[in-house]
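Undergrad: One file is attached below, query-v6.txt, containing compact mmCIF, C-alpha atoms.
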```
# COMPACT_ATOMS: atom_id res chain seq x y z
CA MET A 1 -22.74 101.75 -6.99
CA SER A 2 -25.74 99.44 -7.25
CA ALA A 3 -28.56 100.17 -4.85
CA THR A 4 -28.55 96.56 -3.64
CA SER A 5 -24.90 96.54 -2.52
CA ALA A 6 -23.65 98.75 0.32
CA PRO A 7 -19.97 99.51 0.97
CA PRO A 8 -18.36 97.25 3.63
CA THR A 9 -17.79 100.16 6.00
CA ALA A 10 -21.42 101.15 5.74
CA ALA A 11 -22.51 97.57 6.40
CA LYS A 12 -20.31 97.38 9.50
CA ALA A 13 -21.59 100.70 10.76
CA SER A 14 -25.15 99.54 10.17
CA ALA A 15 -24.53 96.29 12.10
CA THR A 16 -22.94 98.19 14.99
CA THR A 17 -25.81 100.64 15.11
CA SER A 18 -28.30 97.77 15.04
CA ALA A 19 -26.52 95.98 17.92
CA GLU A 20 -26.42 99.17 19.99
CA ALA A 21 -30.06 99.82 19.27
CA THR A 22 -30.95 96.30 20.39
CA ALA A 23 -29.00 96.73 23.63
CA HIS A 24 -30.64 100.09 24.36
CA SER A 25 -34.07 98.71 23.51
CA VAL A 26 -33.99 96.67 26.76
CA PRO A 27 -35.51 98.74 29.57
CA PRO A 28 -32.96 99.94 32.17
CA SER A 29 -34.85 98.17 34.96
CA ARG A 30 -34.43 94.82 33.23
CA ARG A 31 -30.74 95.46 32.63
CA MET A 32 -30.33 96.28 36.32
CA VAL A 33 -32.10 93.06 37.33
CA ALA A 34 -29.91 91.08 34.92
CA VAL A 35 -26.75 92.43 36.57
CA ILE A 36 -28.10 91.80 40.07
CA VAL A 37 -28.96 88.18 39.22
CA LEU A 38 -26.00 87.37 36.94
CA ILE A 39 -23.18 88.40 39.28
CA PRO A 40 -24.29 86.16 42.22
CA VAL A 41 -24.74 83.25 39.78
CA VAL A 42 -21.19 83.70 38.46
CA ALA A 43 -19.85 84.03 42.03
CA ALA A 44 -21.67 80.87 43.13
CA LEU A 45 -20.37 78.98 40.10
CA ALA A 46 -16.80 80.10 40.78
CA LEU A 47 -17.06 79.18 44.48
CA TRP A 48 -18.45 75.76 43.61
CA ALA A 49 -15.79 75.08 40.97
CA PHE A 50 -12.82 76.21 43.06
CA ALA A 51 -13.85 75.35 46.63
CA TRP A 52 -15.85 72.12 46.28
CA PRO A 53 -13.02 69.92 44.86
CA ASN A 54 -10.60 71.17 47.53
CA ALA A 55 -13.13 70.52 50.28
CA ARG A 56 -13.55 66.91 49.10
CA THR A 57 -9.89 66.04 48.54
CA ALA A 58 -9.14 62.38 49.33
CA PRO A 59 -7.53 59.40 47.56
CA ARG A 60 -9.85 57.66 45.11
CA ASP A 61 -8.44 54.60 43.33
CA LEU A 62 -4.99 56.08 43.78
CA PRO A 63 -2.41 53.80 42.10
CA LEU A 64 -0.16 52.37 44.82
CA GLY A 65 2.39 49.59 44.53
CA VAL A 66 3.11 46.76 46.95
CA ALA A 67 6.40 44.90 46.52
CA GLY A 68 7.76 41.76 48.12
CA PRO A 69 6.81 38.11 48.64
CA ALA A 70 3.06 37.48 48.50
CA ALA A 71 2.95 36.01 51.99
CA ALA A 72 4.71 39.06 53.45
CA THR A 73 2.62 41.67 51.62
CA ALA A 74 -0.78 40.09 52.35
CA ARG A 75 -1.19 41.89 55.68
CA ILE A 76 -0.26 45.24 54.13
CA GLU A 77 -2.69 44.77 51.26
CA THR A 78 -5.46 43.85 53.68
CA GLY A 79 -4.85 46.99 55.70
CA LEU A 80 -4.84 49.22 52.63
CA LYS A 81 -8.04 47.66 51.30
CA GLN A 82 -9.82 48.57 54.52
CA ARG A 83 -9.87 52.11 53.18
CA GLU A 84 -12.49 51.15 50.61
CA GLY A 85 -11.99 52.79 47.21
CA ALA A 86 -8.91 54.73 48.31
CA PHE A 87 -6.15 52.75 46.60
CA GLU A 88 -5.67 50.76 43.43
CA ILE A 89 -3.10 48.10 44.35
CA HIS A 90 -0.34 47.14 41.90
CA ARG A 91 1.87 44.19 42.86
CA TYR A 92 5.61 44.05 42.12
CA ALA A 93 8.24 41.41 42.75
CA ASP A 94 10.83 43.61 44.43
CA GLU A 95 11.90 47.16 45.23
CA ALA A 96 13.62 47.69 41.87
CA ALA A 97 10.40 46.97 39.99
CA ALA A 98 8.46 49.28 42.29
CA ARG A 99 10.96 52.11 41.76
CA ALA A 100 10.73 51.67 37.99
CA ALA A 101 6.94 51.85 38.15
CA ILE A 102 7.13 55.11 40.13
CA LYS A 103 9.54 56.66 37.63
CA ASP A 104 7.26 55.56 34.78
CA ARG A 105 4.32 57.27 36.56
CA THR A 106 2.40 54.00 36.78
CA VAL A 107 1.99 54.40 40.55
CA TYR A 108 2.40 57.32 42.95
CA GLY A 109 4.31 55.27 45.51
CA ALA A 110 4.92 51.78 46.81
CA VAL A 111 5.18 49.85 50.05
CA VAL A 112 8.14 47.47 49.99
CA VAL A 113 8.41 44.62 52.49
CA THR A 114 12.02 44.07 53.54
CA GLU A 115 13.75 41.91 56.14
CA THR A 116 14.11 44.94 58.44
CA GLY A 117 10.51 46.04 58.04
CA PRO A 118 8.29 47.88 55.56
CA LYS A 119 9.68 50.72 53.46
CA LEU A 120 7.58 53.41 51.77
CA LEU A 121 8.64 54.78 48.39
CA THR A 122 7.06 58.08 47.36
CA ALA A 123 7.39 60.59 44.51
CA SER A 124 6.70 64.07 45.81
CA ALA A 125 7.39 65.42 42.30
CA ALA A 126 4.23 63.62 41.14
CA SER A 127 2.25 65.26 43.95
CA PRO A 128 3.46 66.46 47.35
CA MET A 129 -0.09 66.07 48.68
CA VAL A 130 -0.24 62.43 47.59
CA ALA A 131 3.19 61.70 49.07
CA GLN A 132 2.09 63.15 52.41
CA SER A 133 -1.21 61.26 52.28
CA LEU A 134 0.57 57.95 51.59
CA GLN A 135 3.02 58.54 54.40
CA GLN A 136 0.20 59.18 56.86
CA ALA A 137 -1.81 56.14 55.76
CA VAL A 138 1.10 53.70 55.79
CA THR A 139 2.55 55.07 59.04
CA GLN A 140 -0.78 54.74 60.85
CA GLN A 141 -1.13 51.14 59.71
CA ALA A 142 2.45 50.32 60.73
CA THR A 143 2.01 51.97 64.12
CA ARG A 144 -0.97 49.76 64.88
CA ALA A 145 1.22 46.75 64.01
CA GLY A 146 4.01 48.03 66.25
CA VAL A 147 6.60 48.60 63.50
CA GLN A 148 8.30 51.66 62.01
CA VAL A 149 8.33 52.66 58.35
CA ALA A 150 11.31 54.17 56.54
CA THR A 151 10.36 56.59 53.76
CA THR A 152 12.36 57.26 50.60
CA ASP A 153 11.45 59.98 48.09
CA VAL A 154 12.29 58.41 44.73
CA VAL A 155 11.48 61.46 42.59
CA ALA A 156 11.60 64.52 44.81
CA THR A 157 10.28 68.01 44.13
CA PRO A 158 12.87 70.70 43.28
CA ALA A 159 14.62 72.27 46.23
CA ASN A 160 13.20 75.67 45.23
CA ASP A 161 9.63 74.32 45.31
CA PRO A 162 9.50 71.61 48.01
CA ARG A 163 5.71 71.84 48.48
CA GLY A 164 4.90 72.10 44.78
CA SER A 165 3.02 75.35 45.31
CA ALA A 166 4.81 77.18 42.48
CA PHE A 167 4.05 74.34 40.07
CA GLY A 168 0.38 74.32 41.08
CA SER A 169 0.21 78.07 40.53
CA SER A 170 1.43 77.74 36.93
CA VAL A 171 -1.92 76.54 35.55
CA LEU A 172 -3.95 79.73 35.99
CA PRO A 173 -1.50 82.08 34.21
CA LEU A 174 -1.40 79.74 31.21
CA ALA A 175 -5.19 79.53 31.17
CA LEU A 176 -5.47 83.32 31.32
CA ALA A 177 -2.80 83.85 28.64
CA GLY A 178 -4.45 81.40 26.27
CA THR A 179 -7.91 82.82 26.91
CA ALA A 180 -6.61 86.36 26.33
CA SER A 181 -4.95 85.39 23.04
CA GLY A 182 -8.12 83.74 21.75
CA ALA A 183 -10.29 86.68 22.83
CA LEU A 184 -7.97 89.26 21.24
CA VAL A 185 -7.88 87.36 17.96
CA ALA A 186 -11.69 87.40 17.89
CA LEU A 187 -12.10 91.03 18.99
CA LEU A 188 -9.48 92.32 16.54
CA GLY A 189 -11.27 90.58 13.68
CA LEU A 190 -8.39 88.30 12.70
CA ARG A 191 -9.54 85.39 10.56
CA GLY A 192 -8.16 82.40 8.71
CA ALA A 193 -4.39 82.20 8.38
CA ARG A 194 -3.84 85.49 10.22
CA ALA A 195 -5.74 84.18 13.25
CA VAL A 196 -3.79 80.91 13.24
CA GLY A 197 -0.50 82.77 12.92
CA ALA A 198 -1.36 85.10 15.81
CA LEU A 199 -2.43 82.23 18.07
CA THR A 200 0.64 80.13 17.26
CA GLY A 201 3.08 83.01 17.62
CA ALA A 202 1.60 84.10 20.94
CA ALA A 203 1.67 80.52 22.25
CA VAL A 204 5.34 80.04 21.33
CA LEU A 205 6.37 83.30 23.01
CA VAL A 206 4.33 82.46 26.13
CA GLY A 207 6.01 79.06 26.35
CA VAL A 208 9.50 80.53 26.02
CA ALA A 209 8.83 83.32 28.51
CA ALA A 210 7.20 80.99 31.04
CA THR A 211 10.07 78.49 30.84
CA ALA A 212 12.62 81.27 31.25
CA ILE A 213 10.85 82.34 34.44
CA ALA A 214 9.98 78.94 35.94
CA ASP A 215 13.12 77.04 34.94
CA SER A 216 15.98 79.47 34.36
CA TRP A 217 15.07 82.02 37.02
CA LEU A 218 12.97 80.37 39.75
CA GLY A 219 14.30 76.84 39.31
CA VAL A 220 10.93 75.18 39.99
CA LEU A 221 11.16 73.15 36.76
CA THR A 222 14.14 70.84 36.32
CA GLY A 223 13.62 68.99 33.04
CA ASP A 224 14.75 69.61 29.48
CA TRP A 225 14.35 73.35 28.81
CA TRP A 226 12.94 73.04 25.30
CA ALA A 227 10.62 70.18 26.22
CA GLU A 228 9.16 72.35 28.98
CA ALA A 229 8.80 75.28 26.58
CA GLY A 230 7.05 73.00 24.10
CA ALA A 231 4.62 71.74 26.75
CA LEU A 232 3.80 75.26 27.90
CA SER A 233 3.39 76.49 24.30
CA LEU A 234 1.13 73.59 23.35
CA THR A 235 -1.03 74.21 26.42
CA THR A 236 -1.39 77.91 25.58
CA LEU A 237 -2.18 77.13 21.94
CA ALA A 238 -4.85 74.59 22.92
CA VAL A 239 -6.54 77.15 25.19
CA GLY A 240 -6.25 80.05 22.74
CA ALA A 241 -7.47 78.00 19.78
CA THR A 242 -10.45 76.76 21.79
CA VAL A 243 -11.54 80.28 22.73
CA ALA A 244 -10.92 81.70 19.26
CA GLY A 245 -12.71 78.77 17.61
CA LEU A 246 -15.79 79.19 19.79
CA ALA A 247 -15.76 82.92 19.07
CA ALA A 248 -15.50 82.28 15.31
CA LEU A 249 -18.60 80.07 15.43
CA LEU A 250 -20.69 81.80 18.11
CA GLY A 251 -19.48 85.39 18.11
CA ARG A 252 -18.70 87.18 21.34
CA ALA A 253 -20.75 84.65 23.27
CA GLY A 254 -18.10 82.10 22.32
CA ILE A 255 -15.48 84.09 24.23
CA GLY A 256 -17.57 83.86 27.39
CA LEU A 257 -18.20 80.16 26.85
CA GLY A 258 -14.49 79.52 26.30
CA ALA A 259 -13.54 81.45 29.43
CA LEU A 260 -16.11 79.49 31.43
CA LEU A 261 -14.78 76.18 30.12
CA ILE A 262 -11.10 76.97 30.64
CA VAL A 263 -10.92 79.27 33.67
CA PHE A 264 -13.95 78.26 35.74
CA LEU A 265 -13.82 74.52 35.05
CA GLY A 266 -10.47 73.55 33.55
CA ASN A 267 -8.33 75.39 36.08
CA PRO A 268 -9.86 74.09 39.36
CA PHE A 269 -10.42 70.62 37.88
CA SER A 270 -6.82 70.28 36.65
CA GLY A 271 -5.50 68.60 39.81
CA ALA A 272 -2.19 70.45 39.42
CA SER A 273 -1.88 71.21 43.12
CA SER A 274 -2.93 67.71 44.22
CA ALA A 275 -3.62 64.89 41.73
CA PRO A 276 -6.58 63.86 39.55
CA GLN A 277 -7.17 60.85 41.82
CA MET A 278 -7.49 63.17 44.83
CA LEU A 279 -10.48 65.04 43.35
CA PRO A 280 -14.10 63.87 43.55
CA GLU A 281 -15.43 62.03 40.54
CA PRO A 282 -16.06 62.83 37.77
CA VAL A 283 -14.09 66.03 38.31
CA GLY A 284 -10.70 64.29 38.31
CA THR A 285 -11.33 62.52 35.00
CA LEU A 286 -13.02 65.50 33.37
CA GLY A 287 -10.16 67.80 34.32
CA GLN A 288 -7.65 65.64 32.45
CA TRP A 289 -9.69 65.98 29.26
CA LEU A 290 -9.56 69.79 29.43
CA PRO A 291 -6.47 71.77 28.34
CA PRO A 292 -5.36 73.01 31.82
CA GLY A 293 -5.37 69.52 33.34
CA ALA A 294 -3.70 67.91 30.34
CA GLY A 295 -1.14 70.74 30.27
CA ALA A 296 -0.27 70.30 33.95
CA SER A 297 0.18 66.53 33.50
CA LEU A 298 2.34 67.02 30.41
CA LEU A 299 4.51 69.64 32.12
CA ARG A 300 4.98 67.40 35.18
CA SER A 301 6.03 64.49 32.97
CA VAL A 302 8.61 66.38 30.93
CA SER A 303 9.94 68.37 33.88
CA PHE A 304 10.37 65.66 36.54
CA PHE A 305 9.94 62.22 34.90
CA ASP A 306 11.95 62.44 31.64
CA GLY A 307 8.77 62.42 29.56
CA ALA A 308 7.17 59.33 31.12
CA ALA A 309 3.38 59.18 30.58
CA ALA A 310 3.54 62.32 28.40
CA LEU A 311 1.86 60.88 25.30
CA GLY A 312 -1.71 60.93 26.62
CA PRO A 313 -1.84 64.58 27.71
CA ALA A 314 0.12 65.66 24.62
CA LEU A 315 -2.48 64.04 22.36
CA THR A 316 -5.30 65.65 24.35
CA LEU A 317 -3.78 69.12 23.91
CA THR A 318 -3.14 68.49 20.22
CA TRP A 319 -6.77 67.44 19.82
CA TRP A 320 -8.03 70.66 21.41
CA ALA A 321 -5.64 72.79 19.35
CA ALA A 322 -6.62 71.08 16.09
CA LEU A 323 -10.35 71.40 16.78
CA GLY A 324 -9.99 75.03 17.79
CA LEU A 325 -7.95 76.01 14.74
CA GLY A 326 -10.34 74.06 12.54
CA ALA A 327 -13.23 76.03 14.02
CA VAL A 328 -11.35 79.28 13.29
CA PHE A 329 -11.08 78.34 9.60
CA LEU A 330 -14.68 77.10 9.51
CA GLY A 331 -15.96 80.35 11.02
CA HIS A 332 -13.95 82.29 8.43
CA MET A 333 -15.43 80.27 5.58
CA LEU A 334 -18.98 80.70 6.88
CA LYS A 335 -18.58 84.47 7.16
CA ARG A 336 -17.05 84.96 3.71
CA PRO A 337 -19.38 86.74 1.25
CA THR A 338 -20.71 84.64 -1.62
CA LYS A 339 -19.34 85.08 -5.12
CA THR A 340 -22.63 86.58 -6.26
CA THR A 341 -22.42 89.28 -3.61
CA GLU A 342 -18.77 89.96 -4.48
CA ARG A 343 -19.61 90.37 -8.17
CA ALA A 344 -22.47 92.70 -7.33
CA THR A 345 -20.19 94.78 -5.12
CA ASP A 346 -17.42 94.99 -7.72
CA ARG A 347 -19.81 95.96 -10.58
CA PRO A 348 -19.12 99.56 -11.76
CA ALA A 349 -21.76 102.07 -10.94
CA SER A 350 -24.17 102.74 -13.80
CA ALA A 351 -24.19 106.17 -15.39
CA PRO A 352 -26.77 108.48 -13.89
CA ALA A 353 -29.87 109.05 -15.96
CA PRO A 354 -29.82 112.37 -17.86
CA THR A 355 -31.88 115.18 -16.40
CA PRO A 356 -34.73 116.10 -18.73
CA ALA A 357 -34.45 119.59 -20.19
CA ARG A 358 -37.04 122.11 -19.19
```
Take the structure in this file and express it as structure tokens.

TA:
Amino acid sequence: MSATSAPPTAAKASATTSAEATAHSVPPSRRMVAVIVLIPVVAALALWAFAWPNARTAPRDLPLGVAGPAAATARIETGLKQREGAFEIHRYADEAAARAAIKDRTVYGAVVVTETGPKLLTASAASPMVAQSLQQAVTQQATRAGVQVATTDVVATPANDPRGSAFGSSVLPLALAGTASGALVALLGLRGARAVGALTGAAVLVGVAATAIADSWLGVLTGDWWAEAGALSLTTLAVGATVAGLAALLGRAGIGLGALLIVFLGNPFSGASSAPQMLPEPVGTLGQWLPPGAGASLLRSVSFFDGAAALGPALTLTWWAALGLGAVFLGHMLKRPTKTTERATDRPASAPAPTPAR
């Protein structure tokens, strides 16, 4: 063996020893201070990310329809606009058009002016919190005018999940499963096609298992079974590919960065338990550009609205998955040894020099 080329196992052992030596070279007092400072920072970040959006929940440019003759709806529109910045008003000719807009996920609800009085159309499947908020706002306004409001739930939540709590709880397990798959691929040293195969296979199995639990067993999802499995698989793949891609480019630090992006930001900013328009800006918009938020929107569309408004979140997840898998391949290419090094390693060892006779 040439003196300039070491066996791969020896090189790995040398790198491990070097890393351990670097870690142990930091004085214990500094390591203790790092732990004391780092843990409160992480706790504060988690508290801010999870508690702050929930403490500031309120409608912000929430799409709401108003249907009926212009003269009859003017008073209702005026009353809704008094809550400045709360609602984004969409006007429709009649109740049928308003119902179609709700089913297409263009608006979260609509106030319809009829001969017997105003009627409120909601879609608790889009967000139970929004449906309740609309009912309170419209009822208060009608009470001041001395009239009663009849409420109709156009797209209701499943009977097994009337408050949508089970649906809202589905985001974190997917985020954790995807993060775990990406981290394991990196820690086990899988690269290139093997890494892509592991991430894809894990995502498909997660999607099938999650749909079997949420749809077949619990009954909290009511759409097409395979469409739901596809949405859950795509979400898991987008998360796993993101974490694995960051790890391929940045090493183990990429795993931490991916977990921070997905679990600490993507999960609380997803709006799965409320709605993106109920979160403070720019959290609501940012959350929909991250895999957990896009995954929750896609799953809601395919499960309750026959795929309406599913294209946007599906493209977002595909974008994350493609970038992540591309980063996995790029990291593999960057870490491959050069041809010169390979030739030097494969060169047969030269014969030892003869020992001079004494």

Undergrad: Quick one: everything within 10 Å of segment 64-74 of chain A, counting only C-alpha atoms, minus sequence neighbours fewer than 6 positions away in the same chain. Send it as a PyMOL selection string.

TA: chain A and resi 80+86-99+101-102+106-115+118-122+134

Undergrad: Of the candidates A:Ala166, A:Ala244, A:Val130, A:Ala193, which shows the shortest atom-to-atom distance to Ala180 of chain A, using only C-alpha atoms?

TA: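 Of A:Ala166, A:Ala244, A:Val130, A:Ala193, the one nearest Ala180 of chain A is A:Ala244, counting only C-alpha atoms.
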
Undergrad: For Phe329 of chain A, which residue out of A:Gly245, A:Thr143, A:Ala44, A:Gly79 is the nearest one, using only C-alpha atoms?

TA: A:Gly245

Undergrad: Find the residue from A:Ala209, A:Ala275, A:Leu188, A:Ala296 that sits nearest to Ser127 of chain A; use all atoms listed in the file when measuring.

TA: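 That would be A:Ala275, the residue with the smallest distance to Ser127 of chain A.
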
Undergrad: What's around segment 312-320 of chain A at 8 Å? Count all atoms listed in the file, leave out sequence neighbours fewer than 6 positions away in its own chain, and write the answer as a list in words.

TA: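 Once the adjacent positions are removed, what remains is Ala231, Leu234, Thr235, Ala238, Val239, Ala241, Thr242, Gln288, Trp289, Leu290, Pro291, Ala294, Gly295, Ser297 and Leu298 of chain A.
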
Undergrad: Counting all atoms listed in the file, which of A:Ile76, A:Trp225, A:Leu172, A:Arg336 gets nearest to Gly293 of chain A?

TA: A:Leu172

Undergrad: Using atom CA of Ala150 of chain A and atom CA of Arg56 of chain A as the two end points, give the distance in Å to one decimal.

TA: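 Rounded to one decimal, the two atoms are 28.9 Å apart.
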
Undergrad: Work out how far apart atom CA of Ala131 of chain A and atom CA of Ser169 of chain A are and give it in Å to one decimal.

TA: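 Spanning atom CA of Ala131 of chain A to atom CA of Ser169 of chain A is a straight-line distance of 18.7 Å.
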
Undergrad: Work out how far atom CA of Val302 of chain A is from atom CA of Thr222 of chain A, in Å to one decimal.

TA: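 Computing it gives 8.9 Å between the two atoms.
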
Undergrad: Around all the atoms of segment 316-334 of chain A listed in the file, draw an axis-aligned box and extend it by 6 Å on each of the six sides; I want its centre and edge lengths in Å to one decimal, as lines of an AutoDock Vina configuration file.

TA:
```
center_x = -11.1
center_y = 74.0
center_z = 15.0
size_x = 27.8
size_y = 28.6
size_z = 30.8
```

Undergrad: Which residue is closest to Thr200 of chain A? Choose from A:Leu334, A:Ala309, A:Leu325, A:Leu62 and count only C-alpha atoms.

TA: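 Nearest to Thr200 of chain A: A:Leu325.
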
Undergrad: For Ala198 of chain A, which residue out of A:Gly240, A:Thr157, A:Val33, A:Asn267 is the nearest one, using all atoms listed in the file?

TA: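 Between A:Gly240, A:Thr157, A:Val33, A:Asn267, the residue approaching Ala198 of chain A most closely is A:Gly240.
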
Undergrad: Near Ala145 of chain A, within 12 Å and counting all atoms listed in the file, which residues show up once chain neighbours fewer than 2 positions away are dropped, as a list in words?

TA: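 Near Ala145 of chain A, the qualifying residues are Arg75, Ile76, Gly79, Gly117, Pro118, Val138, Thr139, Gln140, Gln141, Ala142, Thr143, Val147, Gln148 and Val149 of chain A.
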
Undergrad: Hey, what's within 12 Å of Ala51 of chain A if we count only C-alpha atoms and toss same-chain stuff fewer than 5 positions away? As a PyMOL selection string, please?

TA: chain A and resi 43-46+56-57+264-265+267-269+279-280

Undergrad: Go ahead and save the residues from that selection, with C-alpha atoms, as a short mmCIF file (atom, residue, chain, number, x, y, z; two decimals), keeping the file's coordinate frame.

TA:
```cif
data_model
loop_
_atom_site.label_atom_id
_atom_site.label_comp_id
_atom_site.auth_asym_id
_atom_site.auth_seq_id
_atom_site.Cartn_x
_atom_site.Cartn_y
_atom_site.Cartn_z
CA ALA A 43 -19.85 84.03 42.03
CA ALA A 44 -21.67 80.87 43.13
CA LEU A 45 -20.37 78.98 40.10
CA ALA A 46 -16.80 80.10 40.78
CA ARG A 56 -13.55 66.91 49.10
CA THR A 57 -9.89 66.04 48.54
CA PHE A 264 -13.95 78.26 35.74
CA LEU A 265 -13.82 74.52 35.05
CA ASN A 267 -8.33 75.39 36.08
CA PRO A 268 -9.86 74.09 39.36
CA PHE A 269 -10.42 70.62 37.88
CA LEU A 279 -10.48 65.04 43.35
CA PRO A 280 -14.10 63.87 43.55
#
```
